[in-house]
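Reviewing the structure listed below.
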Amino acid sequence: MRLRISLRSVAKTISTSTSASPSQPLAISAKILADFIGTHCGSLAALTGAGVSTDSAIPDYRGQHGTYTLNPDYQPIFYQAFRDSDQARHRYWARSFLGFPPILTSQPNPTHFALAALQGDPDSIHGTRHLSSLITQNVDGLHQKAGARDVIELHGSLHLVRCMKCGHEEDRGVFQETLAELNPDWQELLVSQSASKLYTRINADGDVELRTPEEQRREEEQHADGDVRKRVPLDYHTFQYPTCSCCGTGQYKPKVVFFGENIPQQTKDASTQAVLESSGLLVMGTSLATYSAFRLVKLAKETGIPIAMVNIGPSRADELADVRIDRNSSLLMKEVARELGIGEVKGEIRTRTRVMNVVGS
């Protein structure tokens, strides 16, 4: 069995044969990576993490605005707690109800579009297929939104919920509508856009960190200019969630792999096979603190498969990488696409005024 576990921080050790620092011209970094991709054209596996979605305004775990950076004492929800505790489920679904809409409307950035383009056009006999497989730790579905095919989602998808008893699955957007019907007061807050006054951070797996009642009271009663406003009570214990619409008694869970939960064997096998069948591994936007991803890089190294690492800041596998580039992936991949003759890639770089955090899954 393989559980989802991760390190809270990554030691800053870098020792690689080819290393491109942020001070190196972007064109040179792009040429290095384009050469690596071209060398392994058609049999290159890609492994992505939260860092590739930061330019879609979905932050990572350990970056400048990451969960553990902003809140060193943060404790993620664990599978056992969600499964066994009604209180934990009330808390999770209340937070998720407020936080899911911004995740649902997030759009792919240039990295997502570039990786999709590297898969080639399946309907064209003339297009070049650089990527043989795409593996992601992300649950946001942005690779698929950009047109990527056959994405192996190591940690599942936020866009589905699944009954823990009978296995019935439902679209998360439909489930959101059910939650809205059960919780009209919360839906009113959401529609009026006043919900953002009631949480401190939106989280990338579609939940939020609610303010405590005391924090809510201060926020509602004392405005910056001294105006007194009506207090809106909010407590996740009052939030209602449904049982399974199929079996009638089971509890829904987002179809993501919580910390402490087993990664499905089929997913583990598919990701292992993808790496073993590749001639090169491109790792982007991840510190590899989660072992489910780190093991794939270890596997590549142990079997002699060259590794290219693109990440801002240190990663757990820097010493294993043959090519190491410390750069923003969106800017880099736009240049790489030009180097490879793919041309301009779509996508914008987006930010949010309110800090977001990756927590929960």
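We name chains A, B, ... following the order of the structure tokens; residues begin at 1 in each chain, and ligands are numbered from 1 as shown.
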Using only C-alpha atoms, determine which residues lie at most 12 Å from Ala148 in chain A, disregarding the query and same-chain residues fewer than 2 positions distant; provide the list as a short mmCIF file (atom, residue, chain, number, x, y, z; two decimals) with N, CA and C atoms, in the first residue's frame.
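Now in selection24.cif:
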data_model
loop_
_atom_site.label_atom_id
_atom_site.label_comp_id
_atom_site.auth_asym_id
_atom_site.auth_seq_id
_atom_site.Cartn_x
_atom_site.Cartn_y
_atom_site.Cartn_z
N ALA A 46 6.11 13.44 -18.39
CA ALA A 46 6.11 14.68 -17.61
C ALA A 46 5.39 14.45 -16.30
N PRO A 108 -6.49 27.58 -17.38
CA PRO A 108 -5.12 27.13 -17.63
C PRO A 108 -4.20 28.29 -17.96
N THR A 111 1.85 27.20 -19.10
CA THR A 111 2.45 25.89 -18.85
C THR A 111 1.50 24.77 -19.22
N HIS A 112 0.24 24.88 -18.79
CA HIS A 112 -0.75 23.85 -19.13
C HIS A 112 -0.91 23.72 -20.64
N PHE A 113 -1.03 24.85 -21.32
CA PHE A 113 -1.22 24.81 -22.78
C PHE A 113 0.02 24.27 -23.49
N ALA A 114 1.21 24.63 -23.00
CA ALA A 114 2.44 24.14 -23.63
C ALA A 114 2.56 22.63 -23.49
N LEU A 115 2.27 22.10 -22.31
CA LEU A 115 2.36 20.65 -22.11
C LEU A 115 1.33 19.92 -22.96
N ALA A 116 0.13 20.50 -23.09
CA ALA A 116 -0.88 19.89 -23.96
C ALA A 116 -0.40 19.89 -25.41
N ALA A 117 0.24 20.98 -25.83
CA ALA A 117 0.75 21.05 -27.19
C ALA A 117 1.86 20.03 -27.43
N LEU A 118 2.65 19.76 -26.39
CA LEU A 118 3.73 18.78 -26.52
C LEU A 118 3.21 17.36 -26.71
N GLN A 119 1.94 17.13 -26.37
CA GLN A 119 1.35 15.82 -26.65
C GLN A 119 1.06 15.63 -28.13
N GLY A 120 1.02 16.72 -28.89
CA GLY A 120 0.74 16.64 -30.31
C GLY A 120 -0.73 16.51 -30.62
N ASP A 121 -1.07 16.67 -31.87
CA ASP A 121 -2.45 16.56 -32.33
C ASP A 121 -2.73 15.11 -32.71
N PRO A 122 -3.63 14.43 -32.01
CA PRO A 122 -3.88 13.01 -32.30
C PRO A 122 -4.50 12.77 -33.67
N LEU A 131 5.52 14.42 -25.88
CA LEU A 131 5.20 13.75 -24.61
C LEU A 131 4.52 12.41 -24.86
N SER A 132 4.98 11.39 -24.16
CA SER A 132 4.32 10.08 -24.22
C SER A 132 3.33 9.92 -23.09
N SER A 133 3.50 10.67 -22.00
CA SER A 133 2.58 10.58 -20.86
C SER A 133 2.68 11.83 -20.02
N LEU A 134 1.58 12.14 -19.32
CA LEU A 134 1.51 13.31 -18.45
C LEU A 134 0.92 12.89 -17.11
N ILE A 135 1.72 13.03 -16.06
CA ILE A 135 1.33 12.65 -14.70
C ILE A 135 1.26 13.93 -13.88
N THR A 136 0.22 14.09 -13.08
CA THR A 136 0.13 15.29 -12.25
C THR A 136 -0.26 14.95 -10.82
N GLY A 141 -7.66 19.94 -12.39
CA GLY A 141 -8.18 19.66 -13.72
C GLY A 141 -7.75 20.63 -14.81
N LEU A 142 -6.75 21.46 -14.54
CA LEU A 142 -6.35 22.48 -15.50
C LEU A 142 -5.60 21.91 -16.70
N HIS A 143 -4.91 20.79 -16.52
CA HIS A 143 -4.27 20.16 -17.68
C HIS A 143 -5.33 19.75 -18.70
N GLN A 144 -6.42 19.16 -18.22
CA GLN A 144 -7.49 18.75 -19.12
C GLN A 144 -8.18 19.95 -19.75
N LYS A 145 -8.36 21.02 -18.98
CA LYS A 145 -8.97 22.24 -19.54
C LYS A 145 -8.14 22.80 -20.68
N ALA A 146 -6.83 22.58 -20.62
CA ALA A 146 -5.94 23.08 -21.67
C ALA A 146 -5.90 22.14 -22.87
N ASP A 150 -5.46 11.92 -21.53
CA ASP A 150 -5.00 10.76 -20.76
C ASP A 150 -4.09 11.15 -19.60
N VAL A 151 -4.49 12.17 -18.87
CA VAL A 151 -3.70 12.65 -17.73
C VAL A 151 -3.83 11.66 -16.58
N ILE A 152 -2.71 11.25 -16.02
CA ILE A 152 -2.70 10.38 -14.84
C ILE A 152 -2.71 11.27 -13.61
N GLU A 153 -3.82 11.27 -12.87
CA GLU A 153 -3.97 12.14 -11.71
C GLU A 153 -3.62 11.36 -10.44
#
> Mind checking DSSP for range 35-137 of chain A and telling me the alpha helix (DSSP H) residues as a count of residues only?
Replying inline: 43
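Among A:Lys253, A:Lys298, A:Lys334, A:Lys346, the residue with the shortest atom-to-atom distance to Asp84 in chain A, counting only C-alpha atoms, is A:Lys253.
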>> So the first atom is CA of Arg172 in chain A and the second is CA of Ser292 in chain A; what is the distance between them in Å, to one decimal place?
In response: 24.7 Å
>> Which residues are near range 182-186 of chain A? Cut-off 8 Å, only C-alpha atoms, ignore same chain within fewer than 4 positions. Put them as a list in words.
In response: Thr178, Leu190, Phe239, Gln240 and Tyr241 of chain A
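Counting from CA of Ile77 in chain A, the distance to CA of Gly260 in chain A is 9.1 Å.
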>> Here is a test: counting only C-alpha atoms, which residue of A:Ser53, A:Ser43, A:Gln75, A:Gln87 is nearest to His237 in chain A?
In response: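 Closest candidate: A:Gln87.
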For Pro110 in chain A: contacts at 10 Å, only C-alpha atoms, fewer than 6 positions along chain excluded, given as an mmCIF file with N, CA and C atoms, in the first residue's frame:
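Dumped to around.cif:
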data_model
loop_
_atom_site.group_PDB
_atom_site.id
_atom_site.type_symbol
_atom_site.label_atom_id
_atom_site.label_comp_id
_atom_site.auth_asym_id
_atom_site.auth_seq_id
_atom_site.Cartn_x
_atom_site.Cartn_y
_atom_site.Cartn_z
ATOM 1 N N VAL A 52 2.928 24.423 -11.196
ATOM 2 C CA VAL A 52 2.511 24.750 -12.557
ATOM 3 C C VAL A 52 1.166 25.468 -12.572
ATOM 4 N N SER A 53 0.447 25.458 -11.455
ATOM 5 C CA SER A 53 -0.854 26.128 -11.393
ATOM 6 C C SER A 53 -0.813 27.464 -10.665
ATOM 7 N N ASP A 55 0.406 30.200 -11.666
ATOM 8 C CA ASP A 55 0.084 31.272 -12.604
ATOM 9 C C ASP A 55 -1.373 31.237 -13.049
ATOM 10 N N SER A 56 -2.138 30.301 -12.495
ATOM 11 C CA SER A 56 -3.596 30.308 -12.654
ATOM 12 C C SER A 56 -4.251 30.786 -11.366
ATOM 13 N N ALA A 116 0.134 20.499 -23.086
ATOM 14 C CA ALA A 116 -0.879 19.893 -23.955
ATOM 15 C C ALA A 116 -0.400 19.887 -25.406
ATOM 16 N N ALA A 146 -6.831 22.584 -20.621
ATOM 17 C CA ALA A 146 -5.937 23.075 -21.672
ATOM 18 C C ALA A 146 -5.897 22.140 -22.873
ATOM 19 N N SER A 329 7.710 28.485 -14.664
ATOM 20 C CA SER A 329 7.468 27.546 -15.757
ATOM 21 C C SER A 329 6.708 28.171 -16.924
ATOM 22 N N SER A 330 5.809 29.118 -16.664
ATOM 23 C CA SER A 330 5.031 29.709 -17.757
ATOM 24 C C SER A 330 5.919 30.493 -18.717
ATOM 25 N N LEU A 331 6.753 31.360 -18.178
ATOM 26 C CA LEU A 331 7.649 32.138 -19.030
ATOM 27 C C LEU A 331 8.610 31.221 -19.779
ATOM 28 N N LEU A 332 9.102 30.208 -19.074
ATOM 29 C CA LEU A 332 10.043 29.270 -19.688
ATOM 30 C C LEU A 332 9.386 28.483 -20.814
ATOM 31 N N MET A 333 8.194 27.943 -20.569
ATOM 32 C CA MET A 333 7.554 27.076 -21.558
ATOM 33 C C MET A 333 7.090 27.844 -22.793
ATOM 34 N N LYS A 334 6.786 29.121 -22.655
ATOM 35 C CA LYS A 334 6.464 29.928 -23.841
ATOM 36 C C LYS A 334 7.681 29.988 -24.770
ATOM 37 N N ALA A 337 8.389 26.450 -26.321
ATOM 38 C CA ALA A 337 7.479 26.161 -27.436
ATOM 39 C C ALA A 337 7.988 26.796 -28.729
ATOM 40 N N GLU A 344 3.403 30.093 -30.703
ATOM 41 C CA GLU A 344 2.861 30.743 -29.517
ATOM 42 C C GLU A 344 1.859 29.823 -28.815
ATOM 43 N N VAL A 345 1.951 29.769 -27.495
ATOM 44 C CA VAL A 345 0.985 28.996 -26.718
ATOM 45 C C VAL A 345 0.004 29.950 -26.056
ATOM 46 N N LYS A 346 -1.197 29.453 -25.841
ATOM 47 C CA LYS A 346 -2.246 30.271 -25.234
ATOM 48 C C LYS A 346 -2.050 30.365 -23.725
ATOM 49 N N GLY A 347 -2.946 31.109 -23.090
ATOM 50 C CA GLY A 347 -2.953 31.181 -21.637
ATOM 51 C C GLY A 347 -2.400 32.480 -21.101
ATOM 52 N N GLU A 348 -2.987 32.929 -20.006
ATOM 53 C CA GLU A 348 -2.542 34.141 -19.332
ATOM 54 C C GLU A 348 -2.007 33.802 -17.949
ATOM 55 N N ILE A 349 -1.160 34.681 -17.436
ATOM 56 C CA ILE A 349 -0.672 34.558 -16.064
ATOM 57 C C ILE A 349 -1.589 35.384 -15.179
#
>> Would you pick out the contacts of Pro306 in chain A at 7 Å or less, using only C-alpha atoms, so that residues sharing its chain but fewer than 6 positions from it are not included, and give the list as JSON, numbers by chain?
In response: {"A": [280, 281, 322]}
Given the selection you just returned, output its residues as a file containing C-alpha atoms, formatted as a PDB file, in the first residue's frame.
ATOM      1  CA  GLY A 280      13.321  10.879 -20.202  1.00  0.00           C
ATOM      2  CA  LEU A 281      11.397  12.453 -17.312  1.00  0.00           C
ATOM      3  CA  ASP A 322      20.535  15.764 -14.892  1.00  0.00           C
TER       4      ASP A 322
END
Test item: residues at most 12 Å from range 308-310 of chain A, only C-alpha atoms, excluding those fewer than 6 positions along its chain, as a PDB file with C-alpha atoms, in the first residue's frame:
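And here's result_37.pdb as it stands now:
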ATOM      1  CA  ILE A  14      21.314  21.294  -5.217  1.00  0.00           C
ATOM      2  CA  SER A  15      23.912  19.231  -7.031  1.00  0.00           C
ATOM      3  CA  THR A  16      23.236  18.642 -10.737  1.00  0.00           C
ATOM      4  CA  SER A  17      25.209  18.216 -13.922  1.00  0.00           C
ATOM      5  CA  THR A  18      23.423  21.046 -15.771  1.00  0.00           C
ATOM      6  CA  SER A  19      21.931  23.862 -13.736  1.00  0.00           C
ATOM      7  CA  ALA A  20      20.218  27.035 -14.954  1.00  0.00           C
ATOM      8  CA  SER A  21      19.848  29.717 -12.294  1.00  0.00           C
ATOM      9  CA  PRO A  22      17.299  32.569 -12.346  1.00  0.00           C
ATOM     10  CA  SER A  29      17.326  28.161 -20.084  1.00  0.00           C
ATOM     11  CA  ALA A  30      14.740  27.574 -22.809  1.00  0.00           C
ATOM     12  CA  ILE A  32      18.629  23.780 -22.516  1.00  0.00           C
ATOM     13  CA  LEU A  33      15.139  22.464 -21.844  1.00  0.00           C
ATOM     14  CA  ALA A  34      14.153  22.367 -25.520  1.00  0.00           C
ATOM     15  CA  ASP A  35      17.246  20.278 -26.249  1.00  0.00           C
ATOM     16  CA  PHE A  36      16.286  17.863 -23.459  1.00  0.00           C
ATOM     17  CA  ILE A  37      12.719  17.566 -24.760  1.00  0.00           C
ATOM     18  CA  THR A  39      16.366  14.425 -27.362  1.00  0.00           C
ATOM     19  CA  HIS A  40      13.547  12.389 -25.824  1.00  0.00           C
ATOM     20  CA  LEU A  44       9.157  11.807 -22.688  1.00  0.00           C
ATOM     21  CA  ALA A  45       7.109  11.523 -19.491  1.00  0.00           C
ATOM     22  CA  ALA A  46       6.114  14.684 -17.610  1.00  0.00           C
ATOM     23  CA  LEU A  47       5.364  14.938 -13.893  1.00  0.00           C
ATOM     24  CA  THR A  48       3.788  18.157 -12.605  1.00  0.00           C
ATOM     25  CA  GLY A  49       2.961  19.636  -9.217  1.00  0.00           C
ATOM     26  CA  GLY A  51       3.856  25.041  -9.014  1.00  0.00           C
ATOM     27  CA  VAL A  52       2.511  24.750 -12.557  1.00  0.00           C
ATOM     28  CA  THR A 111       2.454  25.891 -18.853  1.00  0.00           C
ATOM     29  CA  SER A 279      13.368   7.652 -22.225  1.00  0.00           C
ATOM     30  CA  GLY A 280      13.321  10.879 -20.202  1.00  0.00           C
ATOM     31  CA  LEU A 281      11.397  12.453 -17.312  1.00  0.00           C
ATOM     32  CA  LEU A 282      10.454  16.145 -17.150  1.00  0.00           C
ATOM     33  CA  VAL A 283       9.508  17.274 -13.627  1.00  0.00           C
ATOM     34  CA  MET A 284       7.834  20.679 -13.290  1.00  0.00           C
ATOM     35  CA  GLY A 285       6.516  22.809 -10.444  1.00  0.00           C
ATOM     36  CA  THR A 286       7.029  20.500  -7.493  1.00  0.00           C
ATOM     37  CA  SER A 287       9.339  20.171  -4.505  1.00  0.00           C
ATOM     38  CA  LEU A 288       8.503  16.427  -4.501  1.00  0.00           C
ATOM     39  CA  VAL A 297      11.787  10.329  -9.848  1.00  0.00           C
ATOM     40  CA  ALA A 300      13.710   7.033 -13.167  1.00  0.00           C
ATOM     41  CA  LYS A 301      17.140   7.555 -11.615  1.00  0.00           C
ATOM     42  CA  ARG A 316      13.692  16.793  -2.788  1.00  0.00           C
ATOM     43  CA  ALA A 317      15.238  15.362  -5.968  1.00  0.00           C
ATOM     44  CA  ASP A 318      17.643  18.093  -7.046  1.00  0.00           C
ATOM     45  CA  GLU A 319      20.618  15.779  -6.584  1.00  0.00           C
ATOM     46  CA  LEU A 320      18.975  13.240  -8.902  1.00  0.00           C
ATOM     47  CA  ALA A 321      18.365  15.669 -11.777  1.00  0.00           C
ATOM     48  CA  ASP A 322      20.535  15.764 -14.892  1.00  0.00           C
ATOM     49  CA  VAL A 323      19.144  19.189 -15.819  1.00  0.00           C
ATOM     50  CA  ARG A 324      18.004  21.687 -13.167  1.00  0.00           C
ATOM     51  CA  ILE A 325      16.282  24.976 -14.075  1.00  0.00           C
ATOM     52  CA  ASP A 326      15.173  27.414 -11.365  1.00  0.00           C
ATOM     53  CA  ARG A 327      12.558  29.457 -13.226  1.00  0.00           C
ATOM     54  CA  ASN A 328       8.889  30.323 -13.590  1.00  0.00           C
ATOM     55  CA  SER A 329       7.468  27.546 -15.757  1.00  0.00           C
ATOM     56  CA  SER A 330       5.031  29.709 -17.757  1.00  0.00           C
ATOM     57  CA  LEU A 331       7.649  32.138 -19.030  1.00  0.00           C
ATOM     58  CA  LEU A 332      10.043  29.270 -19.688  1.00  0.00           C
ATOM     59  CA  MET A 333       7.554  27.076 -21.558  1.00  0.00           C
TER      60      MET A 333
END
> What does the distance between CA of Phe100 in chain A and CA of Gln176 in chain A come to in Å, to one decimal place?
Replying inline: 8.2 Å
